[in-house]
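Shown next, in structure tokens, is the structure this report addresses.
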Amino acid sequence: MSPTPPTLKQHHQVSFVTIDDVHAGQRVDNFLFTHLKGVPKTHIYRIIRKGEVRVNKGRVKQTTKLKVGDQVRIPPIRLAERTAANIDATRYEFLKRATLFEDDALLIINKPSGMAVHAGSGIQIGLIEALRAVRQDLRYLELVHRLDRATSGCLVLAKKASVLKALHEDFKNNSLTTGRLDKRYYTLVKGRWRHGERNVVKPLNTEARQHGERVVIVDAQGKYARSIMRPVSVSDLASLVEVKLLTGRTHQVRVHALSEGHPIAGDPKYGDLEFNKSMKAFGLSRLFLHAVSLRFRHPITDAELQVEAPLSDDLNAVLTQLTLSLN
């Protein structure tokens, strides 16, 4: 088993880590990001540049790729960090029950709504930190892709650096260039969807500002974005729509739905205030956006892997109240 990721206590002095097959193939900087959680990237780049980080006693660049058996010298690090050891894992045991698929390479879970995928501004513990605390049997665990905090559904994590690298290529390209990835969502939108299956190709500006707040807008100068939207069940009040993403821009489903005249139910940012209020009467207390299925090539076997995440009971109850069906 590989050494425990360095902590504040362990790094009062120089330490050495021997690279195993789990971390082989990683760049030096990415390896250190993984093992020195909470240490600013600027500090990590500085100790690499100054030669304080060494591999097999030699100076390295941040882009140097690590191999099995390499010995990495890590200098003293005196910056506090939040580690798996000081997270109350019992609070996150429910994540074990959310597992959709697991093997030696991958862990796929049905991410709950309301949980950010990683710690950040104002968020001390995200899903990845919680999973590392709950699954301390795993030597390596990293996010392959991300979901918005309010979005639920299929989320893929890698158990090896080589797996992460392979899947990054597929998830970065989405379904647009290679066809190796099929990513679909269910969403509830305002009004009766009358377009049939619709190929929505509208560029998105992901850096726009409105009233000082960052928003995503349709903009001819933005990044290419494409979604295929297909009605599943419709009514005058609301419609259940399946969305196949061919690109993965920030807030793509939410903004494309809005641009088609059908804002998503429960969306506080891009939604319709009165529609959201009416949906609360049907029991909706969150954004109705769920990553329902993923189909992609396994990074090791190259076999096709398909995973589906069932809708939560609360979302199913809303559909029942609206007499909308998944069939």
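Naming works like this for the structure tokens: A, B, ... for the chains as they're shown, residue 1 at the start of each chain, ligands 1 onward in shown order.
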
Considering only helix (DSSP H, G or I) as DSSP defines it on the backbone, what residues of region 17-177 of chain A qualify? List them as JSON, numbers by chain.
{"A": [28, 29, 30, 31, 32, 33, 34, 35, 41, 42, 43, 44, 45, 46, 47, 48, 49, 84, 85, 86, 89, 90, 91, 92, 94, 95, 96, 97, 127, 128, 129, 130, 131, 132, 133, 134, 161, 162, 163, 164, 165, 166, 167, 168, 169, 170, 171, 172, 173]}

Please return, as a ChimeraX atom specification, all residues of region 99-199 of chain A that DSSP assigns to strand (DSSP E) on the basis of the backbone.
/A:99-102,106-111,142-143,152-158,181-190,198-199

Write the residues you've just listed into a file as a PDB file, in the first residue's frame, and include N, CA and C atoms for each of them.
```
ATOM      1  N   THR A  99     -23.394   4.531  -4.446  1.00  0.00           N
ATOM      2  CA  THR A  99     -22.526   3.943  -5.463  1.00  0.00           C
ATOM      3  C   THR A  99     -23.345   3.257  -6.557  1.00  0.00           C
ATOM      4  N   LEU A 100     -23.047   3.613  -7.816  1.00  0.00           N
ATOM      5  CA  LEU A 100     -23.717   3.019  -8.971  1.00  0.00           C
ATOM      6  C   LEU A 100     -22.857   1.944  -9.635  1.00  0.00           C
ATOM      7  N   PHE A 101     -21.537   2.126  -9.572  1.00  0.00           N
ATOM      8  CA  PHE A 101     -20.615   1.184 -10.200  1.00  0.00           C
ATOM      9  C   PHE A 101     -19.248   1.358  -9.552  1.00  0.00           C
ATOM     10  N   GLU A 102     -18.533   0.225  -9.401  1.00  0.00           N
ATOM     11  CA  GLU A 102     -17.173   0.305  -8.886  1.00  0.00           C
ATOM     12  C   GLU A 102     -16.363  -0.881  -9.360  1.00  0.00           C
ATOM     13  N   LEU A 106     -12.516   2.585 -11.435  1.00  0.00           N
ATOM     14  CA  LEU A 106     -13.541   3.624 -11.383  1.00  0.00           C
ATOM     15  C   LEU A 106     -14.440   3.508 -10.157  1.00  0.00           C
ATOM     16  N   LEU A 107     -14.966   4.659  -9.754  1.00  0.00           N
ATOM     17  CA  LEU A 107     -16.048   4.727  -8.785  1.00  0.00           C
ATOM     18  C   LEU A 107     -17.065   5.706  -9.354  1.00  0.00           C
ATOM     19  N   ILE A 108     -18.287   5.254  -9.550  1.00  0.00           N
ATOM     20  CA  ILE A 108     -19.342   6.115 -10.091  1.00  0.00           C
ATOM     21  C   ILE A 108     -20.456   6.179  -9.066  1.00  0.00           C
ATOM     22  N   ILE A 109     -20.840   7.396  -8.702  1.00  0.00           N
ATOM     23  CA  ILE A 109     -21.877   7.551  -7.682  1.00  0.00           C
ATOM     24  C   ILE A 109     -23.020   8.412  -8.200  1.00  0.00           C
ATOM     25  N   ASN A 110     -24.153   8.285  -7.525  1.00  0.00           N
ATOM     26  CA  ASN A 110     -25.316   9.120  -7.787  1.00  0.00           C
ATOM     27  C   ASN A 110     -25.218  10.325  -6.850  1.00  0.00           C
ATOM     28  N   LYS A 111     -24.619  11.380  -7.342  1.00  0.00           N
ATOM     29  CA  LYS A 111     -24.361  12.560  -6.506  1.00  0.00           C
ATOM     30  C   LYS A 111     -25.672  13.184  -6.024  1.00  0.00           C
ATOM     31  N   GLU A 142      -9.852  10.812  -7.516  1.00  0.00           N
ATOM     32  CA  GLU A 142      -9.950  12.142  -8.104  1.00  0.00           C
ATOM     33  C   GLU A 142     -11.191  12.240  -8.991  1.00  0.00           C
ATOM     34  N   LEU A 143     -11.736  13.444  -9.078  1.00  0.00           N
ATOM     35  CA  LEU A 143     -12.894  13.704  -9.934  1.00  0.00           C
ATOM     36  C   LEU A 143     -12.490  13.649 -11.402  1.00  0.00           C
ATOM     37  N   SER A 152     -27.980  16.706  -9.505  1.00  0.00           N
ATOM     38  CA  SER A 152     -27.755  15.356  -8.991  1.00  0.00           C
ATOM     39  C   SER A 152     -27.410  14.425 -10.145  1.00  0.00           C
ATOM     40  N   GLY A 153     -27.013  13.193  -9.790  1.00  0.00           N
ATOM     41  CA  GLY A 153     -26.844  12.177 -10.818  1.00  0.00           C
ATOM     42  C   GLY A 153     -25.438  11.649 -10.981  1.00  0.00           C
ATOM     43  N   CYS A 154     -25.194  11.015 -12.130  1.00  0.00           N
ATOM     44  CA  CYS A 154     -23.966  10.262 -12.400  1.00  0.00           C
ATOM     45  C   CYS A 154     -22.716  11.123 -12.309  1.00  0.00           C
ATOM     46  N   LEU A 155     -21.794  10.707 -11.449  1.00  0.00           N
ATOM     47  CA  LEU A 155     -20.521  11.395 -11.289  1.00  0.00           C
ATOM     48  C   LEU A 155     -19.419  10.341 -11.248  1.00  0.00           C
ATOM     49  N   VAL A 156     -18.392  10.536 -12.082  1.00  0.00           N
ATOM     50  CA  VAL A 156     -17.330   9.547 -12.233  1.00  0.00           C
ATOM     51  C   VAL A 156     -16.067  10.006 -11.519  1.00  0.00           C
ATOM     52  N   LEU A 157     -15.447   9.080 -10.777  1.00  0.00           N
ATOM     53  CA  LEU A 157     -14.176   9.337 -10.110  1.00  0.00           C
ATOM     54  C   LEU A 157     -13.178   8.262 -10.514  1.00  0.00           C
ATOM     55  N   ALA A 158     -11.909   8.659 -10.590  1.00  0.00           N
ATOM     56  CA  ALA A 158     -10.846   7.741 -10.998  1.00  0.00           C
ATOM     57  C   ALA A 158     -10.054   7.266  -9.794  1.00  0.00           C
ATOM     58  N   LEU A 181     -18.407   9.215 -25.651  1.00  0.00           N
ATOM     59  CA  LEU A 181     -19.131   9.590 -24.442  1.00  0.00           C
ATOM     60  C   LEU A 181     -20.563   9.989 -24.791  1.00  0.00           C
ATOM     61  N   ASP A 182     -21.520   9.433 -24.066  1.00  0.00           N
ATOM     62  CA  ASP A 182     -22.924   9.805 -24.214  1.00  0.00           C
ATOM     63  C   ASP A 182     -23.423  10.200 -22.826  1.00  0.00           C
ATOM     64  N   LYS A 183     -23.721  11.482 -22.651  1.00  0.00           N
ATOM     65  CA  LYS A 183     -24.082  12.023 -21.340  1.00  0.00           C
ATOM     66  C   LYS A 183     -25.487  12.623 -21.435  1.00  0.00           C
ATOM     67  N   ARG A 184     -26.416  12.150 -20.610  1.00  0.00           N
ATOM     68  CA  ARG A 184     -27.817  12.595 -20.704  1.00  0.00           C
ATOM     69  C   ARG A 184     -28.363  13.026 -19.341  1.00  0.00           C
ATOM     70  N   TYR A 185     -29.258  14.001 -19.422  1.00  0.00           N
ATOM     71  CA  TYR A 185     -29.895  14.570 -18.237  1.00  0.00           C
ATOM     72  C   TYR A 185     -31.409  14.498 -18.393  1.00  0.00           C
ATOM     73  N   TYR A 186     -32.097  14.449 -17.246  1.00  0.00           N
ATOM     74  CA  TYR A 186     -33.531  14.725 -17.200  1.00  0.00           C
ATOM     75  C   TYR A 186     -33.712  16.089 -16.560  1.00  0.00           C
ATOM     76  N   THR A 187     -34.602  16.885 -17.135  1.00  0.00           N
ATOM     77  CA  THR A 187     -34.904  18.175 -16.541  1.00  0.00           C
ATOM     78  C   THR A 187     -36.380  18.486 -16.708  1.00  0.00           C
ATOM     79  N   LEU A 188     -36.942  19.192 -15.758  1.00  0.00           N
ATOM     80  CA  LEU A 188     -38.333  19.633 -15.810  1.00  0.00           C
ATOM     81  C   LEU A 188     -38.342  21.109 -16.184  1.00  0.00           C
ATOM     82  N   VAL A 189     -39.068  21.445 -17.249  1.00  0.00           N
ATOM     83  CA  VAL A 189     -39.053  22.826 -17.743  1.00  0.00           C
ATOM     84  C   VAL A 189     -40.459  23.410 -17.750  1.00  0.00           C
ATOM     85  N   LYS A 190     -40.510  24.719 -17.839  1.00  0.00           N
ATOM     86  CA  LYS A 190     -41.775  25.443 -17.820  1.00  0.00           C
ATOM     87  C   LYS A 190     -42.557  25.233 -19.118  1.00  0.00           C
ATOM     88  N   ARG A 198     -35.094  18.632 -30.518  1.00  0.00           N
ATOM     89  CA  ARG A 198     -34.506  19.881 -30.998  1.00  0.00           C
ATOM     90  C   ARG A 198     -32.995  19.873 -30.802  1.00  0.00           C
ATOM     91  N   ASN A 199     -32.282  20.195 -31.871  1.00  0.00           N
ATOM     92  CA  ASN A 199     -30.831  20.309 -31.835  1.00  0.00           C
ATOM     93  C   ASN A 199     -30.497  21.772 -31.546  1.00  0.00           C
TER      94      ASN A 199
END
```

Do you have the CA of Gly25 (chain A)-CA of Leu127 (chain A) distance handy?
24.9 Å

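Counting only C-alpha atoms, the residue from A:Tyr140, A:Arg286, A:Leu237, A:Phe94 that sits nearest to Ala161 (chain A) is A:Tyr140.
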
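Proximity ranking of A:Asp267, A:Ser239, A:His23, A:Arg214 relative to Arg139 (chain A) places A:His23 first, based on only C-alpha atoms.
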
Excluding same-chain residues fewer than 2 positions from Leu326 (chain A), what lies within 9 Å of it counting only C-alpha atoms, as a VMD selection string?
chain A and resid 232 to 233 240 319 324

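Distance-wise, CA of Ser15 (chain A) and CA of Pro76 (chain A) end up 7.6 Å apart.
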
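Proximity of A:Ile128, A:Val17, A:Leu305, A:Gly191 to Leu147 (chain A), computed with only C-alpha atoms, is greatest for A:Ile128.
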
To one decimal place in Å, what is the distance between CA of Pro263 (chain A) and CA of Phe275 (chain A)?
8.8 Å

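Using only C-alpha atoms, the protein and nucleic acid residues lying no more than 12 Å from Lys61 (chain A), apart from those fewer than 3 places from it along its own chain, are Arg27, Val28, Asp29, Asn30, Ile44, Tyr45, Arg46, Ile47, Ile48, Arg49, Lys50, Gly51, Glu52, Val53, Arg54, Val55, Gly58, Thr64, Lys65 and Leu66 of chain A.
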
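Taking only C-alpha atoms into account, Leu138 (chain A) lies nearest to A:Val22 out of the set A:Pro310, A:Gly222, A:His168, A:Val22.
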
Shell around Val201 (chain A) at 12 Å using only C-alpha atoms, local window under 5 positions removed, as a ChimeraX atom specification
/A:176,218-220,222-229,245-247,252-253,255-257,259-260

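Distances here use only C-alpha atoms; by that measure, the residue among A:Ile300, A:Ala166, A:Ala89, A:Ala119 closest to Ala105 (chain A) is A:Ile300.
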
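Closest to Lys160 (chain A) among A:Phe288, A:Phe31, A:Tyr270, A:Tyr92 is A:Phe31, based on only C-alpha atoms.
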